[in-house]
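Asker: File data.txt below, compact mmCIF, C-alpha atoms and all ligand atoms:
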# COMPACT_ATOMS: atom_id res chain seq x y z
CA MET W 27 -10.96 -18.73 7.72
CA LYS W 28 -7.63 -17.40 8.82
CA SER W 29 -6.38 -15.10 6.12
CA VAL W 30 -2.79 -15.79 5.15
CA TRP W 31 -3.05 -14.61 1.59
CA GLY W 32 -6.02 -12.44 2.30
CA CYS W 33 -8.41 -14.87 0.66
CA GLY W 34 -11.41 -14.39 2.90
CA GLY W 35 -15.09 -15.07 2.38
CA GLU W 36 -18.04 -12.69 2.67
CA ASP W 37 -17.83 -12.73 6.49
CA GLU W 38 -14.25 -11.69 6.44
CA ILE W 39 -14.92 -8.89 3.96
CA GLY W 40 -17.80 -7.71 6.17
CA ALA W 41 -15.58 -7.68 9.26
CA ARG W 42 -12.96 -5.76 7.35
CA GLU W 43 -15.50 -3.16 6.27
CA GLU W 44 -16.55 -2.71 9.90
CA ARG W 45 -12.95 -1.86 10.69
CA GLY W 46 -13.31 0.95 8.16
CA GLY W 47 -11.19 -0.73 5.52
CA GLY W 48 -11.89 -2.45 2.29
CA VAL W 49 -10.43 -4.75 -0.28
CA SER W 50 -7.61 -2.57 -1.50
CA LEU W 51 -4.21 -3.20 -2.98
CA LEU W 52 -4.66 -6.51 -4.73
CA THR W 53 -1.80 -8.01 -6.67
CA PRO W 54 -3.07 -10.55 -9.19
CA HIS W 55 -1.03 -13.65 -9.99
CA ILE W 56 -1.72 -17.00 -11.65
CA SER W 57 -0.57 -20.26 -10.07
CA SER W 58 2.00 -21.93 -12.31
CA ASN W 59 1.49 -25.29 -10.56
CA GLU W 60 -1.14 -26.95 -8.44
CA CYS W 61 -0.54 -26.22 -4.76
CA ARG W 62 -2.23 -26.21 -1.37
CA VAL W 63 -2.76 -23.11 0.74
CA GLU W 64 -4.04 -23.74 4.27
CA GLY W 65 -5.57 -27.02 3.11
CA PHE W 66 -7.28 -25.52 0.04
CA ARG W 67 -6.34 -27.09 -3.28
CA VAL W 68 -5.37 -24.42 -5.79
CA PRO W 69 -5.36 -25.85 -9.35
CA ARG W 70 -2.76 -24.78 -11.86
CA GLY W 71 -3.77 -21.65 -13.76
CA THR W 72 -5.94 -20.19 -10.98
CA MET W 73 -6.05 -16.43 -10.67
CA LEU W 74 -4.92 -15.51 -7.16
CA LEU W 75 -5.41 -12.07 -5.71
CA VAL W 76 -3.02 -11.34 -2.86
CA ASN W 77 -4.84 -8.96 -0.55
CA ALA W 78 -1.99 -6.81 0.72
CA TRP W 79 -4.46 -4.58 2.57
CA GLU W 80 -5.41 -7.47 4.83
CA ILE W 81 -1.79 -8.45 5.36
CA HIS W 82 -0.83 -4.84 6.21
CA ASN W 83 -3.76 -4.56 8.62
CA ASN W 84 -3.24 -7.85 10.44
CA PRO W 85 -3.21 -7.07 14.20
CA GLU W 86 -1.33 -10.34 14.83
CA THR W 87 1.61 -8.87 12.95
CA TRP W 88 1.29 -5.14 13.42
CA LYS W 89 0.51 -3.32 16.67
CA ASP W 90 -2.36 -0.85 16.11
CA PRO W 91 -2.28 -1.46 12.35
CA GLU W 92 -4.81 1.27 11.66
CA ARG W 93 -2.58 3.97 13.18
CA PHE W 94 -0.13 6.04 11.12
CA LEU W 95 3.11 5.26 12.97
CA PRO W 96 6.19 5.89 10.82
CA LYS W 97 8.27 4.94 13.90
CA ARG W 98 7.62 1.31 12.99
CA PHE W 99 10.31 1.69 10.39
CA GLU W 100 12.78 3.63 12.52
CA GLY W 101 16.44 2.69 12.83
CA GLY W 102 17.12 2.08 9.18
CA LYS W 103 14.32 -0.47 8.83
CA THR W 104 13.01 0.13 5.36
CA GLY W 105 10.35 -2.48 5.66
CA PHE W 106 11.76 -4.52 2.84
CA GLY W 107 14.24 -6.73 4.71
CA PHE W 108 13.56 -10.34 5.48
CA GLU W 109 12.35 -9.39 8.96
CA PHE W 110 9.23 -8.15 7.18
CA GLU W 111 8.95 -11.06 4.80
CA PHE W 112 5.35 -11.48 3.68
CA LYS W 113 4.22 -8.96 6.31
CA PHE W 114 4.75 -5.78 4.32
CA LEU W 115 4.47 -5.94 0.56
CA PRO W 116 3.48 -2.64 -1.03
CA PHE W 117 5.68 -3.61 -3.99
CA GLY W 118 4.76 -7.29 -4.06
CA TRP W 119 7.35 -9.94 -3.28
CA GLY W 120 9.62 -12.36 -5.09
CA ARG W 121 10.43 -12.67 -8.76
CA ARG W 122 7.51 -10.55 -9.96
CA ALA W 123 7.90 -7.83 -7.35
CA CYS W 124 7.98 -4.23 -8.55
CA PRO W 125 11.29 -3.49 -10.28
CA GLY W 126 10.70 0.25 -9.71
CA GLN W 127 10.72 -0.18 -5.93
CA ARG W 128 14.01 1.58 -5.22
CA LEU W 129 13.29 4.39 -7.68
CA ALA W 130 9.82 4.84 -6.19
CA MET W 131 11.17 4.93 -2.63
CA GLU W 132 13.62 7.67 -3.62
CA MET W 133 11.07 9.61 -5.67
CA VAL W 134 8.35 9.66 -3.00
CA GLY W 135 10.76 11.37 -0.58
CA VAL W 136 11.98 13.82 -3.22
CA ALA W 137 8.46 14.67 -4.41
CA LEU W 138 7.15 15.15 -0.86
CA GLY W 139 10.20 17.25 0.04
CA CYS W 140 9.64 19.49 -3.01
CA LEU W 141 5.96 19.98 -2.19
CA ILE W 142 6.78 21.00 1.39
CA GLN W 143 9.74 23.16 0.39
CA CYS W 144 7.93 24.99 -2.40
CA PHE W 145 4.44 25.57 -0.97
CA GLU W 146 2.67 26.66 2.19
CA TRP W 147 -0.12 24.16 2.86
CA GLU W 148 -3.43 24.81 4.55
CA LYS W 149 -6.14 22.21 4.99
CA ILE W 150 -9.70 22.97 3.88
CA GLY W 151 -12.17 21.49 6.36
CA GLU W 152 -11.51 18.37 8.38
CA ILE W 153 -9.32 15.57 7.06
CA ASP W 154 -11.28 12.33 6.74
CA MET W 155 -8.91 9.34 6.61
CA LYS W 156 -11.62 6.79 5.76
CA GLU W 157 -10.37 4.40 3.10
CA GLY W 158 -12.29 3.61 -0.03
CA LYS W 159 -12.21 0.40 -2.06
CA GLY W 160 -10.24 -0.35 -5.14
CA VAL W 161 -7.21 -2.08 -6.54
CA VAL W 162 -5.12 0.54 -4.74
CA THR W 163 -6.08 2.27 -1.50
CA SER W 164 -8.02 5.44 -2.15
CA ARG W 165 -9.79 7.93 0.07
CA VAL W 166 -13.57 8.17 0.42
CA GLN W 167 -13.31 11.94 0.73
CA PRO W 168 -10.71 13.62 -1.45
CA LEU W 169 -7.97 15.45 0.41
CA ARG W 170 -8.61 19.16 -0.06
CA ALA W 171 -5.90 21.67 0.67
CA LYS W 172 -4.93 25.21 -0.26
CA LEU W 173 -1.37 25.70 -1.35
CA VAL W 174 0.45 28.99 -1.75
CA PRO W 175 3.85 29.15 -3.43
CA ARG W 176 6.60 30.20 -1.01
CA PRO W 177 8.16 33.60 -1.90
CA PHE W 178 11.25 32.16 -3.59
CA LEU W 179 9.03 30.04 -5.83
CA ALA W 180 6.63 32.89 -6.59
CA ASN W 181 9.56 34.75 -8.11
CA LEU W 182 10.18 31.82 -10.43
CA LEU W 183 6.54 31.29 -11.36
CA TYR W 184 5.39 34.82 -12.09
C1 LIG C 201 5.11 4.00 -4.96
C2 LIG C 201 5.27 3.53 -6.19
C3 LIG C 201 5.04 2.11 -6.65
C4 LIG C 201 4.32 1.11 -6.05
C5 LIG C 201 3.56 1.14 -4.71
C6 LIG C 201 4.40 -0.06 -6.92
C7 LIG C 201 3.81 -1.28 -6.66
C8 LIG C 201 3.85 -2.36 -7.52
C9 LIG C 201 3.19 -3.63 -7.27
C10 LIG C 201 2.36 -3.97 -6.02
C11 LIG C 201 3.45 -4.43 -8.33
C12 LIG C 201 2.94 -5.87 -8.53
C13 LIG C 201 3.89 -6.85 -7.87
C14 LIG C 201 3.34 -8.24 -7.91
O1 LIG C 201 2.67 -8.60 -8.89
O2 LIG C 201 3.56 -9.00 -6.95
C15 LIG C 201 4.26 -3.69 -9.26
C16 LIG C 201 4.73 -4.18 -10.46
C17 LIG C 201 5.50 -3.46 -11.35
N1 LIG C 201 5.99 -2.19 -11.18
FE1 LIG C 201 5.65 -0.99 -9.58
N2 LIG C 201 5.17 0.26 -8.02
C18 LIG C 201 5.60 1.57 -7.89
C19 LIG C 201 6.41 2.26 -8.75
C20 LIG C 201 6.97 1.76 -9.91
C21 LIG C 201 7.94 2.45 -10.75
C22 LIG C 201 8.49 3.86 -10.43
C23 LIG C 201 8.20 1.63 -11.80
C24 LIG C 201 9.13 1.83 -12.99
C25 LIG C 201 9.96 2.83 -13.10
C26 LIG C 201 7.43 0.42 -11.64
C27 LIG C 201 7.42 -0.65 -12.49
C28 LIG C 201 6.74 -1.84 -12.29
C29 LIG C 201 6.71 -2.97 -13.23
C30 LIG C 201 7.39 -3.02 -14.61
C31 LIG C 201 5.94 -3.98 -12.63
C32 LIG C 201 5.62 -5.37 -13.21
C33 LIG C 201 6.68 -6.36 -12.74
C34 LIG C 201 6.40 -7.79 -13.23
O3 LIG C 201 5.23 -8.14 -13.46
O4 LIG C 201 7.35 -8.57 -13.36
N3 LIG C 201 6.69 0.53 -10.46
N4 LIG C 201 4.51 -2.44 -8.75
So that I can check it, write out the structure of this file as structure tokens.

Answerer:
Amino acid sequence: MKSVWGCGGEDEIGAREERGGGVSLLTPHISSNECRVEGFRVPRGTMLLVNAWEIHNNPETWKDPERFLPKRFEGGKTGFGFEFEFKFLPFGWGRRACPGQRLAMEMVGVALGCLIQCFEWEKIGEIDMKEGKGVVTSRVQPLRAKLVPRPFLANLLY
């Protein structure tokens, strides 16, 4: 079955696992009315899990979806305009989308900037990017790194 809302069967989940991914980032919703999705009748009150992982890894939408390519969002594209409608939904979509989206987008940059500005980072061993399974995307192997406070911070800490 073609996965529009990421509602695949066992075969689809198997294929996804072969691609190294899993069933991650599910946003649960309940249908308020009976509707049809790709010919399937969805009764009122059905729990629907939108599989954002599948949508974000759809090669029909994204070139080399498995590659980390921040350039995709270059030129002021934040990924949340209508050009990305239903193609990129880390914060969900529509009326029940995450109200903390803008705050989160600001905070991620600030937090990452602070971590880079305040510490020297050194990786421990090889970095394994394999994804685990879960409601949110997790790593199979934890990211291990050694961090040393930069001199200006050491003066503040000690
Ligand atoms: C990177 C950070 C964050 C991510 C990826 C994220 C993602 C999400 C997602 C996927 C949903 C479910 C949307 C849906 O059901 O379709 C959600 C809901 C929600 N988020 Fe966030 N979120 C983030 C940060 C925040 C922050 C900082 C706040 C508040 C300050 C927040 C408050 C909420 C609330 C209240 C809901 C429930 C909205 C509702 O059900 O109407 N989130 N978020």

Asker: Provide the atom N2 of ligand LIG 201 (chain C) to atom CA of Gln127 of chain W distance in Å, to one decimal place.

Answerer: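 So the answer is 5.9 Å.
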
Asker: If you count all atoms listed in the file, which residues end up within 9 Å of ligand LIG 201 (chain C), as a PyMOL selection string?

Answerer: chain W and resi 51-55+76+78+115-131+133-134+162

Asker: Go ahead and dump the residues you just picked, C-alpha atoms, as a PDB file, in the coordinates of the input.

Answerer:
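Saved to part_35.pdb:
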ATOM      1  CA  LEU W  51      -4.210  -3.200  -2.980  1.00  0.00           C
ATOM      2  CA  LEU W  52      -4.660  -6.510  -4.730  1.00  0.00           C
ATOM      3  CA  THR W  53      -1.800  -8.010  -6.670  1.00  0.00           C
ATOM      4  CA  PRO W  54      -3.070 -10.550  -9.190  1.00  0.00           C
ATOM      5  CA  HIS W  55      -1.030 -13.650  -9.990  1.00  0.00           C
ATOM      6  CA  VAL W  76      -3.020 -11.340  -2.860  1.00  0.00           C
ATOM      7  CA  ALA W  78      -1.990  -6.810   0.720  1.00  0.00           C
ATOM      8  CA  LEU W 115       4.470  -5.940   0.560  1.00  0.00           C
ATOM      9  CA  PRO W 116       3.480  -2.640  -1.030  1.00  0.00           C
ATOM     10  CA  PHE W 117       5.680  -3.610  -3.990  1.00  0.00           C
ATOM     11  CA  GLY W 118       4.760  -7.290  -4.060  1.00  0.00           C
ATOM     12  CA  TRP W 119       7.350  -9.940  -3.280  1.00  0.00           C
ATOM     13  CA  GLY W 120       9.620 -12.360  -5.090  1.00  0.00           C
ATOM     14  CA  ARG W 121      10.430 -12.670  -8.760  1.00  0.00           C
ATOM     15  CA  ARG W 122       7.510 -10.550  -9.960  1.00  0.00           C
ATOM     16  CA  ALA W 123       7.900  -7.830  -7.350  1.00  0.00           C
ATOM     17  CA  CYS W 124       7.980  -4.230  -8.550  1.00  0.00           C
ATOM     18  CA  PRO W 125      11.290  -3.490 -10.280  1.00  0.00           C
ATOM     19  CA  GLY W 126      10.700   0.250  -9.710  1.00  0.00           C
ATOM     20  CA  GLN W 127      10.720  -0.180  -5.930  1.00  0.00           C
ATOM     21  CA  ARG W 128      14.010   1.580  -5.220  1.00  0.00           C
ATOM     22  CA  LEU W 129      13.290   4.390  -7.680  1.00  0.00           C
ATOM     23  CA  ALA W 130       9.820   4.840  -6.190  1.00  0.00           C
ATOM     24  CA  MET W 131      11.170   4.930  -2.630  1.00  0.00           C
ATOM     25  CA  MET W 133      11.070   9.610  -5.670  1.00  0.00           C
ATOM     26  CA  VAL W 134       8.350   9.660  -3.000  1.00  0.00           C
ATOM     27  CA  VAL W 162      -5.120   0.540  -4.740  1.00  0.00           C
TER      28      VAL W 162
END

Asker: Tell me, as a ChimeraX atom specification, which residues lie within 8 Å of Lys113 of chain W, counting only C-alpha atoms; anything in the same chain fewer than 5 positions away does not count.

Answerer: /W:81-82,87

Asker: What separation in Å, quoted to one decimal, exists between atom CA of Glu146 of chain W and atom CA of Tyr184 of chain W?

Answerer: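 Result for atom CA of Glu146 of chain W versus atom CA of Tyr184 of chain W: 16.7 Å, one decimal.
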
Asker: Which of these residues is nearest to Pro69 of chain W, using all atoms listed in the file: W:Gly139, W:Ile56, W:Gly151, W:Asn84?

Answerer: W:Ile56

Asker: Around segment 140-152 of chain W, fit a box with edges along x, y and z, padding it by 4 Å on each side, then list its centre and edge lengths in Å to one decimal as lines of an AutoDock Vina configuration file.

Answerer:
center_x = -1.2
center_y = 22.5
center_z = 2.7
size_x = 29.9
size_y = 16.3
size_z = 19.4
